[in-house]
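Structure file protein.txt with compact mmCIF, N, CA and C atoms and all ligand atoms:
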# COMPACT_ATOMS: atom_id res chain seq x y z
N MET S 1 -5.57 3.61 -27.09
CA MET S 1 -4.98 4.05 -25.82
C MET S 1 -5.80 3.51 -24.66
N LYS S 2 -5.13 2.95 -23.69
CA LYS S 2 -5.84 2.36 -22.57
C LYS S 2 -6.08 3.43 -21.49
N ARG S 3 -7.30 3.40 -20.99
CA ARG S 3 -7.63 4.32 -19.90
C ARG S 3 -6.91 3.92 -18.63
N PRO S 4 -6.40 4.87 -17.90
CA PRO S 4 -5.86 4.48 -16.59
C PRO S 4 -7.01 4.08 -15.68
N PRO S 5 -6.83 3.06 -14.86
CA PRO S 5 -7.89 2.67 -13.94
C PRO S 5 -8.08 3.74 -12.86
N HIS S 6 -9.23 3.73 -12.26
CA HIS S 6 -9.55 4.70 -11.21
C HIS S 6 -10.07 3.85 -10.06
N THR S 7 -9.15 3.13 -9.40
CA THR S 7 -9.58 2.16 -8.41
C THR S 7 -9.77 2.79 -7.03
N PHE S 8 -10.63 2.16 -6.25
CA PHE S 8 -10.88 2.64 -4.89
C PHE S 8 -11.36 1.48 -4.04
N ASP S 9 -11.25 1.67 -2.72
CA ASP S 9 -11.72 0.68 -1.76
C ASP S 9 -13.16 1.01 -1.39
N ALA S 10 -14.10 0.17 -1.87
CA ALA S 10 -15.52 0.47 -1.68
C ALA S 10 -15.90 0.49 -0.19
N TRP S 11 -15.30 -0.41 0.60
CA TRP S 11 -15.67 -0.50 2.01
C TRP S 11 -15.23 0.74 2.76
N ARG S 12 -14.04 1.24 2.39
CA ARG S 12 -13.57 2.46 3.06
C ARG S 12 -14.44 3.65 2.65
N LEU S 13 -14.84 3.68 1.38
CA LEU S 13 -15.69 4.78 0.91
C LEU S 13 -17.00 4.81 1.71
N VAL S 14 -17.55 3.62 1.98
CA VAL S 14 -18.79 3.53 2.77
C VAL S 14 -18.53 3.99 4.20
N ARG S 15 -17.45 3.47 4.78
CA ARG S 15 -17.13 3.81 6.18
C ARG S 15 -16.95 5.32 6.34
N ASP S 16 -16.27 5.93 5.38
CA ASP S 16 -15.98 7.37 5.46
C ASP S 16 -17.14 8.21 4.92
N ARG S 17 -18.19 7.56 4.41
CA ARG S 17 -19.24 8.28 3.69
C ARG S 17 -18.60 9.21 2.65
N GLY S 18 -17.65 8.63 1.96
CA GLY S 18 -16.87 9.41 0.99
C GLY S 18 -17.58 9.57 -0.34
N VAL S 19 -17.09 10.50 -1.12
CA VAL S 19 -17.63 10.76 -2.44
C VAL S 19 -16.48 10.84 -3.43
N LEU S 20 -16.61 10.12 -4.54
CA LEU S 20 -15.65 10.23 -5.64
C LEU S 20 -16.38 10.86 -6.81
N GLU S 21 -15.67 11.71 -7.53
CA GLU S 21 -16.29 12.33 -8.71
C GLU S 21 -15.29 12.33 -9.85
N GLY S 22 -15.80 12.30 -11.06
CA GLY S 22 -14.91 12.35 -12.20
C GLY S 22 -15.71 12.42 -13.48
N THR S 23 -15.01 12.28 -14.58
CA THR S 23 -15.67 12.23 -15.87
C THR S 23 -15.23 10.97 -16.58
N PHE S 24 -16.10 10.49 -17.44
CA PHE S 24 -15.85 9.25 -18.17
C PHE S 24 -15.97 9.54 -19.66
N ALA S 25 -14.90 9.24 -20.39
CA ALA S 25 -14.91 9.47 -21.84
C ALA S 25 -15.67 8.32 -22.50
N VAL S 26 -16.92 8.58 -22.85
CA VAL S 26 -17.82 7.52 -23.30
C VAL S 26 -17.28 6.78 -24.52
N ALA S 27 -16.77 7.53 -25.50
CA ALA S 27 -16.32 6.89 -26.74
C ALA S 27 -15.07 6.06 -26.53
N ALA S 28 -14.40 6.23 -25.39
CA ALA S 28 -13.18 5.46 -25.11
C ALA S 28 -13.49 4.19 -24.33
N GLY S 29 -14.75 4.02 -23.93
CA GLY S 29 -15.12 2.81 -23.20
C GLY S 29 -15.06 1.62 -24.15
N PRO S 30 -14.26 0.61 -23.82
CA PRO S 30 -14.09 -0.50 -24.78
C PRO S 30 -15.39 -1.19 -25.14
N ARG S 31 -16.33 -1.27 -24.20
CA ARG S 31 -17.59 -1.97 -24.48
C ARG S 31 -18.66 -1.03 -25.01
N LEU S 32 -18.42 0.28 -24.90
CA LEU S 32 -19.43 1.26 -25.30
C LEU S 32 -19.17 1.83 -26.68
N ALA S 33 -17.90 1.79 -27.10
CA ALA S 33 -17.48 2.54 -28.29
C ALA S 33 -18.39 2.29 -29.49
N GLU S 34 -18.81 1.01 -29.69
CA GLU S 34 -19.59 0.73 -30.89
C GLU S 34 -21.05 1.14 -30.75
N ARG S 35 -21.45 1.54 -29.56
CA ARG S 35 -22.87 1.92 -29.38
C ARG S 35 -23.08 3.41 -29.32
N VAL S 36 -22.00 4.19 -29.38
CA VAL S 36 -22.14 5.64 -29.29
C VAL S 36 -21.43 6.29 -30.47
N ALA S 37 -21.76 7.56 -30.72
CA ALA S 37 -21.09 8.29 -31.80
C ALA S 37 -19.62 8.49 -31.43
N ALA S 38 -18.79 8.52 -32.47
CA ALA S 38 -17.34 8.60 -32.25
C ALA S 38 -16.95 9.89 -31.53
N ASP S 39 -17.78 10.93 -31.69
CA ASP S 39 -17.42 12.21 -31.06
C ASP S 39 -18.09 12.38 -29.69
N ALA S 40 -18.60 11.29 -29.14
CA ALA S 40 -19.25 11.37 -27.82
C ALA S 40 -18.27 11.94 -26.79
N GLY S 41 -18.73 12.92 -26.08
CA GLY S 41 -17.88 13.56 -25.09
C GLY S 41 -17.96 12.86 -23.75
N PRO S 42 -17.40 13.46 -22.73
CA PRO S 42 -17.43 12.83 -21.42
C PRO S 42 -18.76 13.04 -20.71
N VAL S 43 -19.11 12.11 -19.84
CA VAL S 43 -20.23 12.30 -18.91
C VAL S 43 -19.65 12.43 -17.51
N ALA S 44 -20.37 13.12 -16.65
CA ALA S 44 -19.93 13.29 -15.27
C ALA S 44 -20.45 12.15 -14.42
N TRP S 45 -19.64 11.65 -13.52
CA TRP S 45 -20.10 10.60 -12.60
C TRP S 45 -19.75 10.96 -11.17
N ARG S 46 -20.46 10.31 -10.27
CA ARG S 46 -20.27 10.53 -8.85
C ARG S 46 -20.58 9.22 -8.14
N ILE S 47 -19.70 8.77 -7.28
CA ILE S 47 -19.92 7.54 -6.53
C ILE S 47 -19.86 7.87 -5.05
N GLU S 48 -20.95 7.61 -4.34
CA GLU S 48 -21.01 7.91 -2.90
C GLU S 48 -21.03 6.62 -2.10
N GLY S 49 -20.28 6.62 -1.01
CA GLY S 49 -20.39 5.54 -0.05
C GLY S 49 -21.60 5.80 0.82
N THR S 50 -22.50 4.82 0.92
CA THR S 50 -23.75 5.05 1.64
C THR S 50 -24.26 3.72 2.20
N THR S 51 -25.48 3.72 2.69
CA THR S 51 -26.13 2.47 3.10
C THR S 51 -27.55 2.47 2.54
N ASP S 52 -28.12 1.29 2.42
CA ASP S 52 -29.52 1.24 1.98
C ASP S 52 -30.44 1.44 3.19
N GLY S 53 -31.74 1.31 2.98
CA GLY S 53 -32.70 1.55 4.05
C GLY S 53 -32.49 0.65 5.24
N ALA S 54 -31.88 -0.52 5.02
CA ALA S 54 -31.67 -1.48 6.10
C ALA S 54 -30.26 -1.35 6.70
N GLY S 55 -29.55 -0.29 6.32
CA GLY S 55 -28.23 -0.07 6.90
C GLY S 55 -27.12 -0.90 6.28
N ARG S 56 -27.39 -1.53 5.15
CA ARG S 56 -26.36 -2.34 4.51
C ARG S 56 -25.46 -1.47 3.64
N PRO S 57 -24.16 -1.77 3.61
CA PRO S 57 -23.23 -0.96 2.82
C PRO S 57 -23.62 -0.94 1.35
N ALA S 58 -23.52 0.22 0.75
CA ALA S 58 -23.93 0.36 -0.65
C ALA S 58 -23.17 1.51 -1.29
N LEU S 59 -23.15 1.49 -2.61
CA LEU S 59 -22.63 2.62 -3.38
C LEU S 59 -23.79 3.24 -4.15
N ALA S 60 -23.86 4.56 -4.13
CA ALA S 60 -24.82 5.26 -4.98
C ALA S 60 -24.03 5.81 -6.16
N ILE S 61 -24.37 5.34 -7.35
CA ILE S 61 -23.63 5.71 -8.56
C ILE S 61 -24.52 6.64 -9.39
N SER S 62 -24.05 7.87 -9.62
CA SER S 62 -24.83 8.82 -10.41
C SER S 62 -24.07 9.14 -11.69
N ILE S 63 -24.81 9.26 -12.77
CA ILE S 63 -24.21 9.61 -14.06
C ILE S 63 -25.08 10.69 -14.70
N ASP S 64 -24.44 11.75 -15.15
CA ASP S 64 -25.16 12.84 -15.80
C ASP S 64 -24.41 13.29 -17.05
N GLY S 65 -25.14 13.37 -18.15
CA GLY S 65 -24.49 13.88 -19.34
C GLY S 65 -25.30 13.57 -20.58
N ASN S 66 -24.81 14.04 -21.70
CA ASN S 66 -25.46 13.79 -22.98
C ASN S 66 -24.61 12.84 -23.79
N VAL S 67 -25.24 11.82 -24.34
CA VAL S 67 -24.51 10.82 -25.10
C VAL S 67 -25.05 10.79 -26.53
N PRO S 68 -24.24 11.24 -27.49
CA PRO S 68 -24.68 11.18 -28.89
C PRO S 68 -24.60 9.75 -29.42
N VAL S 69 -25.67 9.33 -30.07
CA VAL S 69 -25.73 7.99 -30.67
C VAL S 69 -26.30 8.14 -32.07
N GLU S 70 -26.48 7.02 -32.77
CA GLU S 70 -27.05 7.03 -34.10
C GLU S 70 -28.45 6.44 -34.01
N CYS S 71 -29.42 7.15 -34.57
CA CYS S 71 -30.79 6.62 -34.60
C CYS S 71 -30.82 5.36 -35.45
N GLN S 72 -31.41 4.30 -34.92
CA GLN S 72 -31.40 3.02 -35.64
C GLN S 72 -32.49 2.96 -36.71
N ARG S 73 -33.30 4.02 -36.85
CA ARG S 73 -34.31 4.04 -37.91
C ARG S 73 -33.81 4.85 -39.10
N CYS S 74 -33.30 6.08 -38.82
CA CYS S 74 -32.88 6.94 -39.94
C CYS S 74 -31.36 7.10 -40.01
N LEU S 75 -30.64 6.54 -39.05
CA LEU S 75 -29.19 6.64 -38.97
C LEU S 75 -28.71 8.08 -38.77
N GLY S 76 -29.62 8.97 -38.43
CA GLY S 76 -29.24 10.35 -38.12
C GLY S 76 -28.77 10.45 -36.69
N PRO S 77 -28.17 11.60 -36.38
CA PRO S 77 -27.68 11.78 -35.01
C PRO S 77 -28.81 11.98 -34.01
N LEU S 78 -28.60 11.50 -32.84
CA LEU S 78 -29.60 11.55 -31.78
C LEU S 78 -28.82 11.69 -30.48
N VAL S 79 -29.26 12.61 -29.61
CA VAL S 79 -28.56 12.80 -28.35
C VAL S 79 -29.43 12.27 -27.21
N LEU S 80 -28.89 11.32 -26.48
CA LEU S 80 -29.60 10.78 -25.33
C LEU S 80 -29.13 11.51 -24.08
N THR S 81 -30.06 11.92 -23.25
CA THR S 81 -29.71 12.53 -21.98
C THR S 81 -29.72 11.46 -20.91
N VAL S 82 -28.60 11.34 -20.24
CA VAL S 82 -28.49 10.35 -19.17
C VAL S 82 -28.49 11.08 -17.83
N ALA S 83 -29.41 10.74 -16.97
CA ALA S 83 -29.45 11.28 -15.61
C ALA S 83 -29.92 10.14 -14.74
N ARG S 84 -28.96 9.40 -14.20
CA ARG S 84 -29.29 8.14 -13.56
C ARG S 84 -28.59 8.08 -12.21
N ARG S 85 -29.30 7.59 -11.21
CA ARG S 85 -28.68 7.33 -9.91
C ARG S 85 -29.11 5.94 -9.49
N THR S 86 -28.15 5.07 -9.25
CA THR S 86 -28.42 3.69 -8.88
C THR S 86 -27.76 3.39 -7.55
N VAL S 87 -28.48 2.68 -6.72
CA VAL S 87 -27.88 2.20 -5.47
C VAL S 87 -27.56 0.72 -5.64
N THR S 88 -26.30 0.38 -5.40
CA THR S 88 -25.81 -0.98 -5.54
C THR S 88 -25.30 -1.46 -4.19
N LEU S 89 -25.83 -2.58 -3.72
CA LEU S 89 -25.36 -3.13 -2.44
C LEU S 89 -24.00 -3.78 -2.62
N LEU S 90 -23.21 -3.73 -1.56
CA LEU S 90 -21.89 -4.34 -1.60
C LEU S 90 -21.91 -5.70 -0.90
N ALA S 91 -21.27 -6.67 -1.52
CA ALA S 91 -21.14 -8.00 -0.94
C ALA S 91 -19.66 -8.32 -0.77
N LYS S 92 -19.37 -9.09 0.28
CA LYS S 92 -17.96 -9.44 0.53
C LYS S 92 -17.53 -10.65 -0.29
N SER S 93 -18.49 -11.44 -0.76
CA SER S 93 -18.16 -12.66 -1.50
C SER S 93 -19.35 -13.01 -2.39
N GLU S 94 -19.15 -13.97 -3.28
CA GLU S 94 -20.25 -14.42 -4.13
C GLU S 94 -21.41 -14.97 -3.30
N ARG S 95 -21.07 -15.68 -2.21
CA ARG S 95 -22.12 -16.26 -1.37
C ARG S 95 -22.93 -15.16 -0.70
N ASP S 96 -22.21 -14.17 -0.20
CA ASP S 96 -22.82 -12.98 0.37
C ASP S 96 -23.75 -12.32 -0.65
N ALA S 97 -23.28 -12.27 -1.89
CA ALA S 97 -24.05 -11.61 -2.96
C ALA S 97 -25.35 -12.36 -3.23
N ASP S 98 -25.28 -13.69 -3.23
CA ASP S 98 -26.50 -14.48 -3.46
C ASP S 98 -27.54 -14.21 -2.38
N ALA S 99 -27.07 -14.15 -1.13
CA ALA S 99 -27.98 -13.89 -0.01
C ALA S 99 -28.62 -12.51 -0.13
N LEU S 100 -27.79 -11.51 -0.48
CA LEU S 100 -28.32 -10.15 -0.62
C LEU S 100 -29.31 -10.07 -1.78
N ASP S 101 -28.97 -10.75 -2.87
CA ASP S 101 -29.81 -10.77 -4.05
C ASP S 101 -31.20 -11.28 -3.74
N ALA S 102 -31.25 -12.33 -2.92
CA ALA S 102 -32.52 -12.94 -2.58
C ALA S 102 -33.35 -12.02 -1.70
N ASP S 103 -32.68 -11.07 -1.08
CA ASP S 103 -33.28 -10.29 -0.01
C ASP S 103 -33.56 -8.84 -0.42
N SER S 104 -33.14 -8.46 -1.62
CA SER S 104 -33.22 -7.05 -2.00
C SER S 104 -33.47 -6.91 -3.49
N ASP S 105 -34.14 -5.83 -3.88
CA ASP S 105 -34.35 -5.57 -5.30
C ASP S 105 -33.19 -4.80 -5.92
N ASP S 106 -32.30 -4.30 -5.07
CA ASP S 106 -31.18 -3.52 -5.60
C ASP S 106 -30.15 -4.43 -6.26
N GLU S 107 -29.35 -3.82 -7.11
CA GLU S 107 -28.23 -4.56 -7.68
C GLU S 107 -27.24 -4.89 -6.57
N VAL S 108 -26.49 -5.95 -6.77
CA VAL S 108 -25.48 -6.36 -5.79
C VAL S 108 -24.14 -6.49 -6.50
N LEU S 109 -23.12 -5.99 -5.86
CA LEU S 109 -21.78 -5.99 -6.44
C LEU S 109 -20.83 -6.67 -5.47
N VAL S 110 -20.06 -7.63 -5.97
CA VAL S 110 -19.06 -8.28 -5.11
C VAL S 110 -17.82 -7.40 -5.08
N ALA S 111 -17.52 -6.88 -3.90
CA ALA S 111 -16.39 -5.96 -3.74
C ALA S 111 -15.32 -6.64 -2.89
N ASP S 112 -14.78 -7.76 -3.43
CA ASP S 112 -13.72 -8.46 -2.71
C ASP S 112 -12.34 -8.03 -3.24
N HIS S 113 -12.33 -6.96 -4.01
CA HIS S 113 -11.09 -6.42 -4.58
C HIS S 113 -11.35 -4.93 -4.79
N PRO S 114 -10.30 -4.14 -5.00
CA PRO S 114 -10.55 -2.73 -5.28
C PRO S 114 -11.40 -2.58 -6.54
N LEU S 115 -12.36 -1.67 -6.52
CA LEU S 115 -13.23 -1.47 -7.67
C LEU S 115 -12.66 -0.36 -8.56
N ASP S 116 -13.00 -0.44 -9.83
CA ASP S 116 -12.56 0.57 -10.78
C ASP S 116 -13.76 1.44 -11.16
N ALA S 117 -13.69 2.70 -10.80
CA ALA S 117 -14.82 3.61 -11.05
C ALA S 117 -15.19 3.63 -12.53
N ASN S 118 -14.20 3.61 -13.41
CA ASN S 118 -14.49 3.65 -14.85
C ASN S 118 -15.32 2.43 -15.27
N GLU S 119 -15.01 1.27 -14.69
CA GLU S 119 -15.76 0.07 -15.05
C GLU S 119 -17.18 0.14 -14.52
N LEU S 120 -17.35 0.65 -13.30
CA LEU S 120 -18.70 0.77 -12.74
C LEU S 120 -19.54 1.70 -13.59
N VAL S 121 -18.94 2.82 -13.99
CA VAL S 121 -19.68 3.80 -14.79
C VAL S 121 -20.02 3.21 -16.15
N GLU S 122 -19.08 2.49 -16.74
CA GLU S 122 -19.35 1.87 -18.03
C GLU S 122 -20.47 0.83 -17.91
N ASP S 123 -20.44 0.03 -16.84
CA ASP S 123 -21.51 -0.95 -16.61
C ASP S 123 -22.87 -0.26 -16.55
N GLU S 124 -22.92 0.84 -15.78
CA GLU S 124 -24.19 1.56 -15.62
C GLU S 124 -24.67 2.09 -16.96
N LEU S 125 -23.74 2.64 -17.74
CA LEU S 125 -24.14 3.20 -19.04
C LEU S 125 -24.64 2.10 -19.97
N LEU S 126 -24.00 0.94 -19.91
CA LEU S 126 -24.44 -0.17 -20.77
C LEU S 126 -25.86 -0.59 -20.41
N LEU S 127 -26.20 -0.51 -19.11
CA LEU S 127 -27.56 -0.86 -18.69
C LEU S 127 -28.56 0.23 -19.07
N THR S 128 -28.07 1.48 -19.12
CA THR S 128 -28.96 2.62 -19.32
C THR S 128 -29.28 2.86 -20.79
N LEU S 129 -28.26 2.75 -21.64
CA LEU S 129 -28.46 3.11 -23.04
C LEU S 129 -29.28 2.04 -23.75
N PRO S 130 -30.29 2.45 -24.52
CA PRO S 130 -31.09 1.47 -25.26
C PRO S 130 -30.24 0.79 -26.34
N PHE S 131 -30.54 -0.48 -26.61
CA PHE S 131 -29.78 -1.19 -27.64
C PHE S 131 -30.07 -0.63 -29.02
N ALA S 132 -31.29 -0.19 -29.24
CA ALA S 132 -31.66 0.37 -30.54
C ALA S 132 -32.28 1.76 -30.32
N PRO S 133 -31.43 2.76 -30.06
CA PRO S 133 -31.97 4.10 -29.83
C PRO S 133 -32.62 4.64 -31.10
N MET S 134 -33.75 5.33 -30.93
CA MET S 134 -34.44 5.91 -32.08
C MET S 134 -35.04 7.25 -31.71
N HIS S 135 -35.17 8.13 -32.71
CA HIS S 135 -35.93 9.35 -32.52
C HIS S 135 -37.37 8.98 -32.13
N ASP S 136 -38.06 9.91 -31.50
CA ASP S 136 -39.47 9.67 -31.24
C ASP S 136 -40.20 9.46 -32.57
N GLU S 137 -41.30 8.75 -32.50
CA GLU S 137 -42.11 8.46 -33.69
C GLU S 137 -42.35 9.76 -34.48
N GLY S 138 -42.05 9.75 -35.79
CA GLY S 138 -42.32 10.90 -36.63
C GLY S 138 -41.28 12.01 -36.56
N ARG S 139 -40.24 11.84 -35.73
CA ARG S 139 -39.26 12.91 -35.57
C ARG S 139 -37.99 12.64 -36.37
N CYS S 140 -37.91 11.52 -37.03
CA CYS S 140 -36.71 11.23 -37.81
C CYS S 140 -36.56 12.28 -38.91
N GLY S 141 -35.35 12.73 -39.10
CA GLY S 141 -35.07 13.67 -40.19
C GLY S 141 -35.53 15.08 -39.94
N THR S 142 -36.06 15.39 -38.78
CA THR S 142 -36.51 16.76 -38.50
C THR S 142 -35.40 17.59 -37.88
N GLY S 143 -34.30 16.93 -37.54
CA GLY S 143 -33.20 17.65 -36.92
C GLY S 143 -33.36 17.79 -35.42
N ASP S 144 -34.48 17.33 -34.88
CA ASP S 144 -34.68 17.38 -33.43
C ASP S 144 -34.04 16.16 -32.78
N GLY S 145 -33.41 16.40 -31.64
CA GLY S 145 -32.84 15.28 -30.91
C GLY S 145 -33.95 14.58 -30.19
ZN ZN S 201 -34.26 8.86 -36.59
This entry written out as structure tokens:
Amino acid sequence: MKRPPHTFDAWRLVRDRGVLEGTFAVAAGPRLAERVAADAGPVAWRIEGTTDGAGRPALAISIDGNVPVECQRCLGPLVLTVARRTVTLLAKSERDADALDADSDDEVLVADHPLDANELVEDELLLTLPFAPMHDEGRCGTGDG
């Protein structure tokens, strides 16, 4: 089943200092499905229109929730807690993005089309989740997350 898109105009969100909120079904993410447990529930997300310290348009993307995965050492269940807030600068074009990139440590996103909140959240989760999640040393098989 395909997720309905959740598109929005990033520039208007910044202008209005708007906030979007929703939930993202982690196991339904096409790029995430193989990295999380099949019963992974939704995580909460929030996207705020804002500016960075230099007054440049930006989105603050927050994700909060628990993501069940499989430990890559013992293959037992492991729950990762995600609590992440990222500020991403907005660029009007690829050229704009290159200039911002050279000038800032923040991520840069080309917003020359309506953005899809689900895709942004999935991108953030892909960056956040470790490729090989494991229990802490010595905790495999103890039943502790
Ligand atoms: Zn383990």
Exercise. Which residues form the shell of 6 Å around ligand ZN 201 (chain S) when you count all atoms listed in the file, given as a list in words?
Worked result: Cys71, Gln72, Arg73, Cys74, Leu75, Gly76, Met134, His135, Arg139, Cys140 and Gly141 of chain S
Written file, previous selection with N, CA and C atoms, as a JSON list (two decimals), in the frame of the given file:
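Saved result, result14.json, follows:
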[["chain", "number", "residue", "atom", "x", "y", "z"],
["S", 71, "CYS", "N", -29.42, 7.15, -34.57],
["S", 71, "CYS", "CA", -30.79, 6.62, -34.60],
["S", 71, "CYS", "C", -30.82, 5.36, -35.45],
["S", 72, "GLN", "N", -31.41, 4.30, -34.92],
["S", 72, "GLN", "CA", -31.40, 3.02, -35.64],
["S", 72, "GLN", "C", -32.49, 2.96, -36.71],
["S", 73, "ARG", "N", -33.30, 4.02, -36.85],
["S", 73, "ARG", "CA", -34.31, 4.04, -37.91],
["S", 73, "ARG", "C", -33.81, 4.85, -39.10],
["S", 74, "CYS", "N", -33.30, 6.08, -38.82],
["S", 74, "CYS", "CA", -32.88, 6.94, -39.94],
["S", 74, "CYS", "C", -31.36, 7.10, -40.01],
["S", 75, "LEU", "N", -30.64, 6.54, -39.05],
["S", 75, "LEU", "CA", -29.19, 6.64, -38.97],
["S", 75, "LEU", "C", -28.71, 8.08, -38.77],
["S", 76, "GLY", "N", -29.62, 8.97, -38.43],
["S", 76, "GLY", "CA", -29.24, 10.35, -38.12],
["S", 76, "GLY", "C", -28.77, 10.45, -36.69],
["S", 134, "MET", "N", -33.75, 5.33, -30.93],
["S", 134, "MET", "CA", -34.44, 5.91, -32.08],
["S", 134, "MET", "C", -35.04, 7.25, -31.71],
["S", 135, "HIS", "N", -35.17, 8.13, -32.71],
["S", 135, "HIS", "CA", -35.93, 9.35, -32.52],
["S", 135, "HIS", "C", -37.37, 8.98, -32.13],
["S", 139, "ARG", "N", -40.24, 11.84, -35.73],
["S", 139, "ARG", "CA", -39.26, 12.91, -35.57],
["S", 139, "ARG", "C", -37.99, 12.64, -36.37],
["S", 140, "CYS", "N", -37.91, 11.52, -37.03],
["S", 140, "CYS", "CA", -36.71, 11.23, -37.81],
["S", 140, "CYS", "C", -36.56, 12.28, -38.91],
["S", 141, "GLY", "N", -35.35, 12.73, -39.10],
["S", 141, "GLY", "CA", -35.07, 13.67, -40.19],
["S", 141, "GLY", "C", -35.53, 15.08, -39.94]]
Report the centre and edge lengths, in Å to one decimal, of an axis-aligned box enclosing every atom of segment 92-96 of chain S listed in the file, padded by 8 Å on each side, as AutoDock Vina command-line options.
--center_x -20.6 --center_y -12.7 --center_z -1.8 --size_x 22.2 --size_y 23.2 --size_z 20.7
Counting only N, CA and C atoms, closest pick from S:Glu119, S:Asp16, S:Glu124, S:Asp52 relative to Leu89 of chain S is S:Asp52
_Would you pick out the contacts of segment 106-110 of chain S at 6 Å or less, using only C-alpha atoms, so that residues sharing its chain but fewer than 6 positions from it are not included, and give the list as a list of chain:residue names?_
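The neighbour list is S:Thr88, S:Leu89, S:Leu90, S:Ala91, S:Lys92, S:Ser93.
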(request) Could you check which of S:Ala27, S:Ala40, S:Ile61, S:Leu20 is closest to Val121 of chain S, using only C-alpha atoms? (result)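 Going through S:Ala27, S:Ala40, S:Ile61, S:Leu20 one by one, the smallest distance to Val121 of chain S is for S:Ile61.
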**Asked** Which one is closest to Glu34 of chain S: S:Ala58, S:Val79, S:Ala102, S:Leu126? Count only C-alpha atoms.
**Response**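 For Glu34 of chain S, the nearest of the given residues is S:Leu126.
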Exercise. Go through segment 4-119 of chain S and collect every residue that DSSP, computed from the backbone, puts in helix (DSSP H, G or I); the answer should be as a PyMOL selection string.
Key: chain S and resi 10-15+26-28+33-35+94-103+117-119
Exercise for the section: Using DSSP on the backbone, list every residue of segment 23-141 of chain S that comes out as strand (DSSP E), and give them as JSON, numbers by chain. Expected result: {"S": [23, 24, 25, 42, 43, 44, 45, 46, 47, 48, 49, 50, 51, 57, 58, 59, 60, 61, 62, 63, 64, 65, 66, 67, 68, 69, 70, 77, 78, 79, 80, 81, 82, 83, 84, 85, 86, 87, 88, 89, 90, 91, 107, 108, 109, 110, 115, 116]}
